[in-house]
Every structure is written in structure tokens, then in C-alpha cells.
>>> print(open('coords_3.csv').read())   # CSV, C-alpha atoms and all ligand atoms
chain,number,residue,atom,x,y,z
S,129,MET,CA,94.7,-80.4,-45.6
S,130,ALA,CA,92.7,-80.8,-42.4
S,131,THR,CA,94.2,-82.1,-39.1
S,132,LYS,CA,92.3,-84.8,-37.3
S,133,GLN,CA,88.7,-83.8,-36.7
S,134,THR,CA,87.1,-85.0,-33.4
S,135,ASN,CA,84.9,-87.4,-35.3
S,136,ALA,CA,87.6,-88.8,-37.5
S,137,PRO,CA,88.1,-92.5,-37.1
S,138,ASP,CA,91.1,-93.9,-35.1
S,139,ALA,CA,91.0,-97.2,-37.0
S,140,VAL,CA,89.8,-98.4,-40.4
S,141,THR,CA,89.5,-101.8,-42.0
S,142,ALA,CA,89.4,-101.8,-45.8
S,143,GLN,CA,89.4,-104.4,-48.5
S,144,ALA,CA,90.4,-104.4,-52.2
S,145,PRO,CA,90.0,-107.3,-54.6
S,146,GLY,CA,92.2,-108.8,-57.3
S,147,ARG,CA,90.7,-109.1,-60.8
S,148,ILE,CA,90.2,-111.4,-63.7
S,149,ASN,CA,90.3,-110.2,-67.3
S,150,ILE,CA,88.0,-111.8,-69.8
S,151,ILE,CA,89.9,-110.3,-72.7
S,152,GLY,CA,91.9,-107.3,-73.7
S,153,GLU,CA,95.5,-107.9,-72.7
S,154,HIS,CA,98.2,-105.2,-73.1
S,155,THR,CA,95.6,-102.8,-74.5
S,156,ASP,CA,95.2,-100.6,-71.5
S,157,TYR,CA,98.4,-98.6,-71.8
S,158,ASN,CA,97.6,-98.2,-75.5
S,159,ASP,CA,94.4,-96.3,-74.6
S,160,GLY,CA,92.4,-99.3,-75.7
S,161,PHE,CA,89.6,-101.5,-74.3
S,162,VAL,CA,89.6,-104.1,-71.5
S,163,LEU,CA,86.9,-106.4,-70.1
S,164,PRO,CA,87.9,-107.2,-66.5
S,165,ALA,CA,86.0,-108.0,-63.3
S,166,ALA,CA,86.8,-107.7,-59.6
S,167,ILE,CA,86.9,-111.0,-57.8
S,168,GLU,CA,86.2,-112.2,-54.3
S,169,HIS,CA,89.9,-112.9,-53.6
S,170,LYS,CA,91.1,-109.7,-51.9
S,171,MET,CA,93.5,-108.0,-49.6
S,172,THR,CA,92.3,-106.8,-46.2
S,173,VAL,CA,94.1,-104.1,-44.3
S,174,GLN,CA,93.5,-103.0,-40.7
S,175,ILE,CA,95.0,-99.6,-40.1
S,176,HIS,CA,95.1,-97.3,-37.1
S,177,ARG,CA,96.7,-94.1,-36.0
S,178,ASN,CA,99.7,-94.8,-33.8
S,179,GLY,CA,99.9,-91.2,-32.3
S,180,THR,CA,103.4,-90.5,-33.8
S,181,PRO,CA,103.8,-87.8,-36.4
S,182,SER,CA,105.7,-89.9,-39.0
S,183,THR,CA,106.3,-93.5,-38.0
S,184,VAL,CA,104.7,-96.3,-40.1
S,185,ASN,CA,104.7,-99.9,-38.9
S,186,LEU,CA,103.5,-102.5,-41.3
S,187,THR,CA,102.8,-106.2,-40.6
S,188,ASP,CA,102.3,-108.9,-43.2
S,189,LEU,CA,100.1,-111.3,-41.2
S,190,LYS,CA,100.6,-114.3,-43.5
S,191,GLU,CA,104.3,-114.1,-43.9
S,192,GLN,CA,104.8,-112.8,-40.3
S,193,GLN,CA,107.0,-110.0,-41.5
S,194,SER,CA,107.2,-106.4,-40.2
S,195,PHE,CA,108.7,-103.3,-41.6
S,196,SER,CA,108.8,-99.7,-40.4
S,197,PHE,CA,109.5,-96.4,-42.3
S,198,ASN,CA,109.4,-92.7,-41.7
S,199,LEU,CA,106.9,-90.7,-43.6
S,200,LEU,CA,109.4,-87.8,-43.9
S,201,ASP,CA,112.1,-89.9,-45.5
S,202,PHE,CA,111.5,-93.0,-47.5
S,203,SER,CA,112.4,-94.3,-51.0
S,204,PRO,CA,111.9,-97.4,-53.1
S,205,MET,CA,113.7,-100.6,-52.0
S,206,GLU,CA,115.0,-103.6,-53.9
S,207,GLU,CA,112.0,-105.5,-55.3
S,208,SER,CA,109.7,-106.0,-52.3
S,209,TRP,CA,106.1,-105.7,-51.1
S,210,GLN,CA,107.0,-102.6,-49.1
S,211,ASN,CA,107.3,-100.6,-52.3
S,212,TYR,CA,103.5,-101.0,-53.0
S,213,VAL,CA,102.6,-99.4,-49.6
S,214,MET,CA,105.3,-96.7,-49.7
S,215,GLY,CA,104.4,-96.0,-53.3
S,216,VAL,CA,100.8,-95.4,-52.4
S,217,VAL,CA,101.7,-93.2,-49.4
S,218,SER,CA,104.0,-91.2,-51.6
S,219,GLU,CA,101.4,-90.6,-54.3
S,220,LEU,CA,98.7,-89.6,-51.8
S,221,GLN,CA,101.3,-87.2,-50.2
S,222,LYS,CA,101.9,-85.7,-53.7
S,223,LEU,CA,98.2,-85.1,-54.0
S,224,GLY,CA,98.4,-83.1,-50.8
S,225,GLY,CA,97.2,-85.9,-48.4
S,226,ASP,CA,98.3,-85.2,-44.8
S,227,ILE,CA,99.2,-88.6,-43.6
S,228,LYS,CA,100.4,-89.1,-40.0
S,229,GLY,CA,102.0,-92.1,-38.2
S,230,PHE,CA,100.0,-95.3,-38.6
S,231,ASP,CA,100.2,-99.1,-38.0
S,232,ALA,CA,98.8,-101.5,-40.5
S,233,GLU,CA,98.3,-105.2,-40.6
S,234,PHE,CA,97.4,-106.9,-43.8
S,235,GLU,CA,96.5,-110.3,-45.2
S,236,SER,CA,95.6,-111.4,-48.8
S,237,ASP,CA,94.2,-114.4,-50.5
S,238,VAL,CA,95.0,-113.2,-54.0
S,239,PRO,CA,97.8,-115.5,-55.2
S,240,ILE,CA,101.0,-113.6,-55.9
S,241,GLY,CA,102.4,-113.7,-59.4
S,242,SER,CA,99.2,-115.3,-60.7
S,243,GLY,CA,98.1,-112.5,-63.1
S,244,MET,CA,95.2,-111.9,-60.7
S,245,SER,CA,96.6,-108.6,-59.7
S,246,SER,CA,97.6,-109.1,-56.1
S,247,SER,CA,99.5,-105.8,-56.5
S,248,ALA,CA,96.5,-103.7,-57.3
S,249,ALA,CA,94.7,-105.3,-54.4
S,250,MET,CA,97.5,-104.2,-52.1
S,251,GLU,CA,97.8,-100.7,-53.5
S,252,CYS,CA,94.0,-100.0,-53.6
S,253,SER,CA,93.3,-101.4,-50.1
S,254,PHE,CA,96.0,-99.2,-48.6
S,255,ALA,CA,94.9,-96.2,-50.6
S,256,ILE,CA,91.2,-96.4,-49.6
S,257,ALA,CA,92.2,-97.2,-46.0
S,258,LEU,CA,94.5,-94.2,-45.7
S,259,ASN,CA,91.9,-92.0,-47.5
S,260,ALA,CA,89.3,-93.0,-44.9
S,261,LEU,CA,91.5,-92.9,-41.8
S,262,PHE,CA,93.0,-89.5,-42.5
S,263,GLU,CA,89.9,-88.1,-44.1
S,264,LEU,CA,91.9,-87.1,-47.2
S,265,GLY,CA,88.8,-86.7,-49.3
S,266,PHE,CA,90.1,-88.2,-52.5
S,267,ASP,CA,87.5,-89.6,-55.0
S,268,LYS,CA,87.7,-93.1,-56.6
S,269,LEU,CA,89.4,-91.9,-59.7
S,270,GLN,CA,92.2,-90.2,-57.6
S,271,ILE,CA,92.6,-93.4,-55.6
S,272,ILE,CA,92.8,-95.5,-58.8
S,273,LYS,CA,95.4,-93.2,-60.4
S,274,ALA,CA,97.5,-92.8,-57.2
S,275,SER,CA,97.6,-96.6,-57.0
S,276,GLN,CA,98.7,-96.9,-60.6
S,277,LEU,CA,101.4,-94.3,-60.1
S,278,ALA,CA,102.6,-96.1,-57.0
S,279,GLU,CA,103.4,-99.0,-59.2
S,280,HIS,CA,105.1,-96.8,-61.8
S,281,ASN,CA,107.2,-94.8,-59.4
S,282,PHE,CA,108.0,-97.2,-56.5
S,283,VAL,CA,107.7,-100.6,-58.1
S,284,GLY,CA,109.0,-99.7,-61.5
S,285,ASN,CA,106.2,-101.3,-63.5
S,286,LYS,CA,104.8,-98.9,-66.0
S,287,CYS,CA,101.4,-100.6,-65.8
S,288,GLY,CA,98.2,-99.5,-67.4
S,289,ILE,CA,95.1,-98.6,-65.5
S,290,MET,CA,93.0,-101.8,-65.8
S,291,ASP,CA,94.0,-103.5,-62.6
S,292,GLN,CA,93.5,-100.6,-60.2
S,293,PHE,CA,90.3,-99.6,-62.0
S,294,ALA,CA,88.8,-103.1,-61.7
S,295,SER,CA,89.9,-103.4,-58.1
S,296,VAL,CA,88.1,-100.1,-57.1
S,297,MET,CA,85.2,-100.1,-59.5
S,298,GLY,CA,84.3,-103.8,-59.6
S,299,LYS,CA,80.6,-104.8,-59.2
S,300,LYS,CA,79.3,-108.2,-58.0
S,301,ASP,CA,78.6,-110.6,-60.9
S,302,HIS,CA,79.4,-108.0,-63.5
S,303,VAL,CA,82.3,-107.4,-66.0
S,304,ILE,CA,83.5,-103.9,-66.8
S,305,LEU,CA,83.9,-102.7,-70.4
S,306,LEU,CA,86.4,-100.0,-69.9
S,307,ASP,CA,87.7,-97.5,-72.4
S,308,CYS,CA,91.2,-96.8,-71.1
S,309,ARG,CA,91.4,-93.5,-72.9
S,310,SER,CA,88.2,-91.7,-71.7
S,311,LEU,CA,87.8,-94.0,-68.6
S,312,GLU,CA,84.2,-94.3,-69.6
S,313,PHE,CA,82.9,-97.7,-68.6
S,314,GLN,CA,79.8,-99.9,-68.6
S,315,TYR,CA,78.9,-102.8,-66.4
S,316,PHE,CA,77.5,-106.0,-68.0
S,317,PRO,CA,76.2,-109.0,-66.2
S,318,LEU,CA,78.6,-112.0,-66.4
S,319,GLU,CA,76.1,-114.6,-67.4
S,320,LEU,CA,77.7,-117.6,-69.0
S,321,GLY,CA,74.8,-120.1,-69.4
S,322,ASP,CA,76.0,-123.7,-69.2
S,323,TYR,CA,79.6,-122.5,-68.9
S,324,GLN,CA,81.8,-121.1,-66.2
S,325,LEU,CA,85.2,-119.5,-65.8
S,326,LEU,CA,88.0,-121.5,-64.4
S,327,LEU,CA,91.5,-120.2,-63.7
S,328,LEU,CA,94.4,-122.5,-63.8
S,329,ASN,CA,97.5,-121.2,-62.0
S,330,THR,CA,100.7,-122.5,-63.6
S,331,ASN,CA,102.5,-121.7,-60.3
S,332,VAL,CA,105.3,-120.2,-62.3
S,333,SER,CA,106.3,-116.6,-62.5
S,334,HIS,CA,109.2,-115.9,-64.7
S,335,ALA,CA,111.6,-113.1,-63.9
S,336,LEU,CA,111.2,-111.4,-67.2
S,337,ALA,CA,107.7,-110.2,-66.4
S,338,SER,CA,108.6,-106.7,-65.2
S,339,SER,CA,111.4,-105.8,-67.6
S,340,GLU,CA,109.7,-107.2,-70.7
S,341,TYR,CA,106.5,-105.4,-69.7
S,342,ASN,CA,108.2,-102.0,-69.9
S,343,THR,CA,109.9,-103.1,-73.1
S,344,ARG,CA,106.5,-103.9,-74.7
S,345,ARG,CA,105.3,-100.5,-73.7
S,346,SER,CA,108.1,-98.7,-75.4
S,347,GLU,CA,107.9,-101.0,-78.4
S,348,CYS,CA,104.3,-99.8,-78.8
S,349,GLU,CA,105.5,-96.2,-78.6
S,350,GLN,CA,108.0,-96.9,-81.3
S,351,GLY,CA,105.3,-98.3,-83.4
S,352,VAL,CA,103.2,-95.2,-82.9
S,353,SER,CA,106.1,-92.9,-83.9
S,354,VAL,CA,106.5,-94.8,-87.2
S,355,LEU,CA,102.8,-94.9,-87.9
S,356,LYS,CA,102.5,-91.2,-87.2
S,357,LYS,CA,104.6,-90.4,-90.2
S,358,GLU,CA,101.8,-91.7,-92.4
S,359,TYR,CA,98.9,-90.9,-90.1
S,360,PRO,CA,99.8,-87.7,-88.3
S,361,ASN,CA,96.5,-87.5,-86.4
S,362,ILE,CA,97.0,-90.7,-84.4
S,363,LYS,CA,97.9,-90.4,-80.7
S,364,ASN,CA,98.5,-94.1,-80.1
S,365,LEU,CA,97.6,-97.6,-81.2
S,366,ARG,CA,94.0,-97.1,-80.2
S,367,ASP,CA,93.6,-94.8,-83.2
S,368,VAL,CA,94.9,-97.2,-85.8
S,369,THR,CA,93.1,-99.9,-87.9
S,370,ILE,CA,94.6,-103.2,-88.7
S,371,GLU,CA,94.6,-102.2,-92.4
S,372,GLN,CA,96.7,-99.2,-91.6
S,373,VAL,CA,99.2,-101.4,-89.6
S,374,VAL,CA,99.4,-103.9,-92.4
S,375,ALA,CA,99.9,-101.1,-95.0
S,376,GLN,CA,102.9,-99.9,-93.0
S,377,LYS,CA,104.5,-103.3,-92.5
S,378,ALA,CA,107.6,-102.4,-94.6
S,379,HIS,CA,108.3,-99.4,-92.4
S,380,LEU,CA,107.7,-101.1,-89.0
S,381,PRO,CA,110.8,-103.0,-88.0
S,382,GLU,CA,110.5,-106.5,-86.5
S,383,PRO,CA,109.2,-107.1,-83.9
S,384,ILE,CA,107.4,-103.8,-83.7
S,385,PHE,CA,105.0,-104.7,-86.5
S,386,ARG,CA,103.8,-107.8,-84.6
S,387,ARG,CA,103.4,-105.8,-81.3
S,388,CYS,CA,101.2,-103.3,-83.1
S,389,ARG,CA,99.2,-106.0,-84.8
S,390,HIS,CA,98.5,-107.6,-81.4
S,391,VAL,CA,97.3,-104.5,-79.8
S,392,VAL,CA,95.1,-103.4,-82.7
S,393,ASN,CA,93.5,-106.8,-83.1
S,394,GLU,CA,93.1,-107.3,-79.4
S,395,ASN,CA,91.2,-104.0,-79.1
S,396,GLN,CA,88.8,-105.2,-81.7
S,397,ARG,CA,88.5,-108.6,-79.9
S,398,VAL,CA,87.4,-106.9,-76.7
S,399,LEU,CA,84.5,-105.2,-78.5
S,400,ASN,CA,83.6,-108.4,-80.4
S,401,ALA,CA,83.8,-110.4,-77.1
S,402,THR,CA,81.5,-108.0,-75.3
S,403,GLU,CA,78.9,-108.4,-78.1
S,404,ALA,CA,79.3,-112.2,-78.0
S,405,LEU,CA,78.9,-112.2,-74.2
S,406,LEU,CA,75.7,-110.1,-74.4
S,407,ALA,CA,74.3,-112.2,-77.1
S,408,GLY,CA,75.0,-115.4,-75.2
S,409,ASN,CA,77.2,-116.5,-78.0
S,410,PHE,CA,79.8,-118.3,-75.8
S,411,LYS,CA,81.3,-120.3,-78.7
S,412,THR,CA,82.4,-117.0,-80.3
S,413,LEU,CA,83.5,-115.7,-77.0
S,414,GLY,CA,85.7,-118.8,-76.5
S,415,GLU,CA,87.2,-118.5,-80.0
S,416,LEU,CA,88.1,-114.9,-79.3
S,417,MET,CA,89.9,-116.0,-76.1
S,418,TYR,CA,91.9,-118.5,-78.2
S,419,GLN,CA,92.8,-115.8,-80.7
S,420,SER,CA,93.8,-113.5,-77.9
S,421,HIS,CA,96.2,-116.2,-76.5
S,422,PHE,CA,97.8,-117.0,-79.8
S,423,SER,CA,98.3,-113.3,-80.5
S,424,LEU,CA,99.9,-112.8,-77.0
S,425,GLN,CA,102.1,-115.9,-77.6
S,426,ASN,CA,103.3,-115.2,-81.2
S,427,ASP,CA,102.8,-111.5,-81.8
S,428,TYR,CA,103.3,-110.0,-78.4
S,429,GLU,CA,105.6,-112.7,-77.0
S,430,VAL,CA,104.5,-112.4,-73.4
S,431,SER,CA,103.5,-116.0,-72.8
S,432,CYS,CA,105.6,-118.9,-71.6
S,433,PRO,CA,105.8,-122.7,-72.2
S,434,GLU,CA,103.7,-123.5,-69.2
S,435,LEU,CA,100.8,-121.2,-70.2
S,436,ASP,CA,101.0,-122.4,-73.8
S,437,PHE,CA,100.9,-126.0,-72.7
S,438,ILE,CA,97.7,-125.5,-70.8
S,439,VAL,CA,96.0,-123.7,-73.7
S,440,GLN,CA,97.2,-126.3,-76.1
S,441,HIS,CA,95.9,-129.1,-73.9
S,442,THR,CA,92.3,-127.6,-74.1
S,443,ILE,CA,92.2,-127.7,-77.8
S,444,GLY,CA,89.8,-130.3,-79.2
S,445,LYS,CA,88.1,-130.8,-75.8
S,446,ASP,CA,84.5,-130.1,-76.2
S,447,GLU,CA,84.0,-129.1,-72.6
S,448,VAL,CA,86.3,-126.1,-73.1
S,449,LEU,CA,85.2,-123.2,-75.4
S,450,GLY,CA,88.1,-120.9,-74.8
S,451,SER,CA,91.4,-120.6,-73.0
S,452,ARG,CA,94.1,-118.0,-72.8
S,453,MET,CA,96.8,-116.5,-70.6
S,454,MET,CA,95.6,-113.7,-68.3
S,455,GLY,CA,97.3,-110.6,-67.2
S,456,GLY,CA,100.8,-109.4,-67.9
S,457,GLY,CA,102.1,-112.8,-68.9
S,458,PHE,CA,105.4,-114.9,-68.3
S,459,GLY,CA,103.5,-117.1,-65.9
S,460,GLY,CA,100.4,-116.9,-63.7
S,461,CYS,CA,97.0,-118.2,-64.7
S,462,THR,CA,95.1,-119.2,-67.8
S,463,ILE,CA,91.5,-118.2,-67.9
S,464,ASN,CA,89.3,-120.9,-69.3
S,465,LEU,CA,85.6,-121.1,-70.4
S,466,VAL,CA,84.5,-124.6,-69.3
S,467,GLU,CA,81.2,-126.4,-69.3
S,468,LYS,CA,79.6,-126.5,-65.9
S,469,GLY,CA,79.6,-130.0,-64.5
S,470,ARG,CA,82.6,-131.1,-66.5
S,471,VAL,CA,85.2,-129.0,-64.6
S,472,ALA,CA,86.4,-131.7,-62.2
S,473,GLU,CA,87.1,-134.1,-65.1
S,474,PHE,CA,88.9,-131.4,-67.1
S,475,VAL,CA,91.0,-130.3,-64.1
S,476,LYS,CA,92.0,-133.9,-63.4
S,477,GLN,CA,93.3,-134.5,-66.9
S,478,VAL,CA,95.0,-131.2,-67.4
S,479,SER,CA,96.7,-131.4,-63.9
S,480,LYS,CA,98.1,-134.8,-64.7
S,481,SER,CA,99.4,-133.7,-68.1
S,482,TYR,CA,100.9,-130.6,-66.6
S,483,ARG,CA,102.6,-132.5,-63.8
S,484,ASP,CA,104.0,-135.1,-66.2
S,485,ARG,CA,105.4,-132.3,-68.4
S,486,PHE,CA,106.7,-129.8,-65.9
S,487,GLY,CA,106.8,-131.6,-62.6
S,488,ILE,CA,104.6,-128.8,-61.1
S,489,ASP,CA,101.2,-128.9,-59.5
S,490,LEU,CA,98.5,-126.8,-61.3
S,491,THR,CA,96.2,-124.9,-59.0
S,492,PRO,CA,92.6,-124.7,-60.2
S,493,ILE,CA,90.8,-121.5,-59.0
S,494,GLU,CA,87.1,-121.0,-59.3
S,495,VAL,CA,86.7,-117.2,-58.8
S,496,GLY,CA,83.5,-115.4,-57.7
S,497,ILE,CA,82.9,-112.0,-59.2
S,498,GLY,CA,82.8,-109.5,-56.3
S,499,ASP,CA,82.5,-105.8,-55.6
S,500,GLY,CA,85.3,-103.3,-55.7
S,501,ALA,CA,87.4,-101.9,-52.9
S,502,LYS,CA,85.5,-100.7,-49.8
S,503,VAL,CA,85.9,-99.6,-46.2
S,504,ILE,CA,84.3,-102.3,-44.2
S,505,GLN,CA,84.7,-100.8,-40.7
S,601,LIG,C1,99.3,-106.1,-65.9
S,601,LIG,C2,99.2,-104.6,-65.9
S,601,LIG,C3,97.9,-104.1,-66.5
S,601,LIG,C4,97.8,-104.7,-67.9
S,601,LIG,C5,98.0,-106.2,-67.9
S,601,LIG,C6,98.1,-106.7,-69.3
S,601,LIG,O1,98.3,-106.7,-65.2
S,601,LIG,O2,99.2,-104.2,-64.5
S,601,LIG,O3,97.9,-102.7,-66.6
S,601,LIG,O4,98.6,-104.0,-68.8
S,601,LIG,O5,99.2,-106.5,-67.3
S,601,LIG,O6,96.9,-106.6,-69.9
>>> encode(input="coords_3.csv", output="C-alpha cells", more="lines below")
Ligand code: GLA
Amino acid sequence: MATKQTNAPDAVTAQAPGRINIIGEHTDYNDGFVLPAAIEHKMTVQIHRNGTPSTVNLTDLKEQQSFSFNLLDFSPMEESWQNYVMGVVSELQKLGGDIKGFDAEFESDVPIGSGMSSSAAMECSFAIALNALFELGFDKLQIIKASQLAEHNFVGNKCGIMDQFASVMGKKDHVILLDCRSLEFQYFPLELGDYQLLLLNTNVSHALASSEYNTRRSECEQGVSVLKKEYPNIKNLRDVTIEQVVAQKAHLPEPIFRRCRHVVNENQRVLNATEALLAGNFKTLGELMYQSHFSLQNDYEVSCPELDFIVQHTIGKDEVLGSRMMGGGFGGCTINLVEKGRVAEFVKQVSKSYRDRFGIDLTPIEVGIGDGAKVIQ
């Protein structure tokens, strides 16, 4: 890889957003479909060469924390934000990226543990900043995959590709229908007529999230290995119909049958929801969101009492068409399809009920749909 060219930048500022997901949860690592969008909440990183061959100095501006490591000798730490950065550096190095000493300062307004993918915002902002500063020449897909692998190898979450893809490829006011197998995608305008999206952050993040996530992934693999005996041509749950899953119920142990049922139904819901969105059929879109939630709650078992409570609270309210947990689960936000002009009243009621029940304040978040990661300077 090239050493510093005379016109190479000495400093770069880059941003990468978090994401929402309209529907399609835990489908990405099963080669399925998702319908996310990048949001205006983002991480901003300022990065400059510090003239050393291998010293990296990181500063978290919000938490006022600093950390240094050596590019020639670093490894994952106990659960911590440093792993996201070191993981990205490590993956870019594996691709042959020649990274020299740098200082970075960063700040994010994506709430952590909210299911809005603050992790992808961090990974992707660092990846594109390093790519620009050291003129590594990687394309967007390489950036996306390196960021995903950073999370696998340094953080220990065997995540799918949705979050990093949305963070890099997002387009203002559009959702992305992504086929997580081929990585083919289409942008569709997010036009919701008299309705709008509203996130409600439970402000809880249960410790199970990471270990259960990886467990779900391997449960899906177990399901595939059983189904393969009957359908040898399938590669994973993407290739199976719900009729096939049901036909094999006797051979799929509990809870594997329910895990498979969720993934296969959820994939179909993504396609149906996209059609409903394009047709302006928001009632159907909302119903699919509810179905998604109940499937994540009962079949996939990645919800939690706080998320379930909020979804339940919306039922029977005519200003809400749909509500479901968003992201990996075990806490974070619900995403709600709410009538414009009635949001304040709805937030007031649900916040009170939530506080009465759990003693916790709910945070309503009205997200704007923004562009994907970019170098801004
Ligand atoms: C997390 C992961 C994604 C995806 C979602 C669930 O956000 O990072 O890859 O699997 O959970 O849909």
C-alpha cells in the first residue's frame, strides 16, 4: 500500500449515522430481507496523523475519556467502546490497509443500547475516516464488511450486515430494501401520509443482548441443518417457505421450530410491508409491524417486559397504526407509526403509564431520515 502522498490529507472529519428499521428483524444473518434507513443521529470523528509510526490516541469527547494503543500490538479488551475502533483498524489492516499513528476525537448523538445502532455509527465513521486519511482506497462495500467483521472479531457480536449497510448506504428521506444475500438493494421514498414514525426508548438495555443474539444465530443454523435433511438444496432460512417449516415441525426441536417460523414469516413481512408502503397502505404496514413484534416476542424471544408493555399500550389507540421492538432486542426502542398531530398526546399517555409501571422515564425520539456515512472535511 502507498505511503503518504504529498497531497494526502493530514486531517479528516467524517460522520456515520445510526439507523432505524421499519421491519425485518433477525433476518439479515439468515440471508433475508430488511427495510432500514439511516437517520440524522450520527457519530462524528475528527482524525489526524500524529507523526508516529504506530501510536493511536482516542478521545471520547462526551465521556471525557481517552485511550491509547499501539498499531503493532493490540487485542480485544473486556466489553468497551475501544473494541469498535480497534476492531475496525484490525479489519482494515487485514485488507492490507497501511495505517500509521493517528489521533481521533469523537462524539455521537446516537443513544447507546437503544437499538438505533450506535455501534455501526462508530465503526463506519472510523472506517471511512481512516480510509480517507490514509488513502486506503477501499470501496463502500469493503468499508461495510470491515465494520461488520470488527463487531464479530473484536466485540464478539456475530451481527448481520443490516446496520453497517444502512449506515454507509443510507439516503435522505428513503428506506432501503436490502437483500442480505445478494446485497442488491433499492431505495424507496419514506412517505407516510398523515402518519409519522416515532421511537420510544425504554432506556433499558438488558445484559442478555449479546449472548442471546449469538445463540439465536446458532439456533437458526441448527434449524437449517434439520431442514436440509428434507430439502437438501437449501442454504439457509431464506430458502425455506413457511409450509416447509410447518411440515417439518416434528423434526425441529423446541425452540428451534419457533425460531425458524419467525425468520421465515418475518422475511415475507418485509416484502409485504414494502408493497404496503409503496401503495400508501399504512394500515397494512402497521399490522405487519405488530405481527413482527409478536413474532419477536413469542417465537424469537428477544423482547423484554418494557418493550412488550409499550407495544401493548398502543393497542386499541386509533392514533397508532403499528408498533414493534426495533433492532436486536432485550431493550432499546420501539418504533411506532403514529398519526401526525396526535404524537404529543400519545407520548404523554404512554410515558405516564410506563413510569407508573417501571419507574423509568421513556424517551420519545423523532428521527429524521438522513444520508449515509461521509467525509465532511
Ligand atoms: C442488530 C444486528 C443486526 C440485526 C439486528 C436484528 O442490530 O447488528 O445485524 O441482526 O440486530 O435485526
>>> residues_near_ligand(input="coords_3.csv", ligand="ligand LIG 601 (chain S)", cutoff="6 Å", atoms="all atoms listed in the file", output="mmCIF file with C-alpha atoms, keeping the file's coordinate frame")
data_model
loop_
_atom_site.group_PDB
_atom_site.id
_atom_site.type_symbol
_atom_site.label_atom_id
_atom_site.label_comp_id
_atom_site.auth_asym_id
_atom_site.auth_seq_id
_atom_site.Cartn_x
_atom_site.Cartn_y
_atom_site.Cartn_z
ATOM 1 C CA GLU S 153 95.500 -107.900 -72.700
ATOM 2 C CA HIS S 154 98.200 -105.200 -73.100
ATOM 3 C CA ASP S 156 95.200 -100.600 -71.500
ATOM 4 C CA CYS S 287 101.400 -100.600 -65.800
ATOM 5 C CA GLY S 288 98.200 -99.500 -67.400
ATOM 6 C CA ILE S 289 95.100 -98.600 -65.500
ATOM 7 C CA MET S 290 93.000 -101.800 -65.800
ATOM 8 C CA ASP S 291 94.000 -103.500 -62.600
ATOM 9 C CA GLY S 455 97.300 -110.600 -67.200
ATOM 10 C CA GLY S 456 100.800 -109.400 -67.900
#
>>> residues_around(input="coords_3.csv", residues="Ser423 (chain S)", least_positions_apart="5", cutoff="12 Å", atoms="all atoms listed in the file", output="list in words")
Ile151, Gly152, Glu153, His154, Arg386, Arg387, Cys388, Arg389, His390, Val391, Val392, Asn393, Glu394, Asn395, Arg397, Leu416, Met417, Tyr418, Tyr428, Glu429, Val430, Ser431, Asp436, Arg452 and Met453 of chain S
>>> atom_distance(input="coords_3.csv", atom1="CA of Gln143 (chain S)", atom2="CA of Phe282 (chain S)")
21.5 Å
>>> residues_around(input="coords_3.csv", residues="region 303-316 of chain S", least_positions_apart="5", cutoff="10 Å", atoms="only C-alpha atoms", output="ChimeraX atom specification")
/S:148-152,155-166,269,288-290,293-294,297-298,366,395,398-399,402,405-406,497-498
>>> residues_around(input="coords_3.csv", residues="region 459-464 of chain S", least_positions_apart="5", cutoff="8 Å", atoms="only C-alpha atoms", output="PyMOL selection string")
chain S and resi 150+241-244+325-334+431-432+434-435+438-439+448-454
>>> atom_distance(input="coords_3.csv", atom1="CA of Gln419 (chain S)", atom2="CA of Glu382 (chain S)")
20.8 Å
>>> atom_distance(input="coords_3.csv", atom1="CA of Leu380 (chain S)", atom2="CA of Pro360 (chain S)")
15.6 Å
>>> residues_near_point(input="coords_3.csv", point="(106.7, -91.5, -43.9)", cutoff="9 Å", atoms="all atoms listed in the file", output="PyMOL selection string")
chain S and resi 181-184+197-202+214+217-218+227-229
>>> residues_around(input="coords_3.csv", residues="Glu251 (chain S)", least_positions_apart="2", cutoff="8 Å", atoms="all atoms listed in the file", output="mmCIF file with C-alpha atoms, in the coordinates of the input")
data_model
loop_
_atom_site.group_PDB
_atom_site.id
_atom_site.type_symbol
_atom_site.label_atom_id
_atom_site.label_comp_id
_atom_site.auth_asym_id
_atom_site.auth_seq_id
_atom_site.Cartn_x
_atom_site.Cartn_y
_atom_site.Cartn_z
ATOM 1 C CA TYR S 212 103.500 -101.000 -53.000
ATOM 2 C CA VAL S 213 102.600 -99.400 -49.600
ATOM 3 C CA VAL S 216 100.800 -95.400 -52.400
ATOM 4 C CA SER S 247 99.500 -105.800 -56.500
ATOM 5 C CA ALA S 248 96.500 -103.700 -57.300
ATOM 6 C CA ALA S 249 94.700 -105.300 -54.400
ATOM 7 C CA SER S 253 93.300 -101.400 -50.100
ATOM 8 C CA PHE S 254 96.000 -99.200 -48.600
ATOM 9 C CA ALA S 255 94.900 -96.200 -50.600
ATOM 10 C CA SER S 275 97.600 -96.600 -57.000
ATOM 11 C CA ALA S 278 102.600 -96.100 -57.000
ATOM 12 C CA GLN S 292 93.500 -100.600 -60.200
#
>>> closest_residue(input="coords_3.csv", among="S:Pro381, S:Asp226, S:Glu233, S:Pro204", to="Asn185 (chain S)", atoms="only C-alpha atoms")
S:Glu233
>>> closest_residue(input="coords_3.csv", among="S:Leu336, S:Arg483, S:Glu371, S:Gln376", to="Lys356 (chain S)", atoms="all atoms listed in the file")
S:Gln376
>>> closest_residue(input="coords_3.csv", among="S:Lys377, S:Ala501, S:Lys363, S:Ser338", to="Ala142 (chain S)", atoms="all atoms listed in the file")
S:Ala501
>>> residues_around(input="coords_3.csv", residues="Leu186 (chain S)", least_positions_apart="5", cutoff="12 Å", atoms="all atoms listed in the file", output="list in words")
Val173, Gln174, Ile175, His176, Asn178, Glu191, Gln192, Gln193, Ser194, Phe195, Ser196, Phe197, Asn198, Trp209, Gln210, Asn211, Tyr212, Val213, Met214, Gly229, Phe230, Asp231, Ala232, Glu233, Phe234, Glu235 and Phe254 of chain S
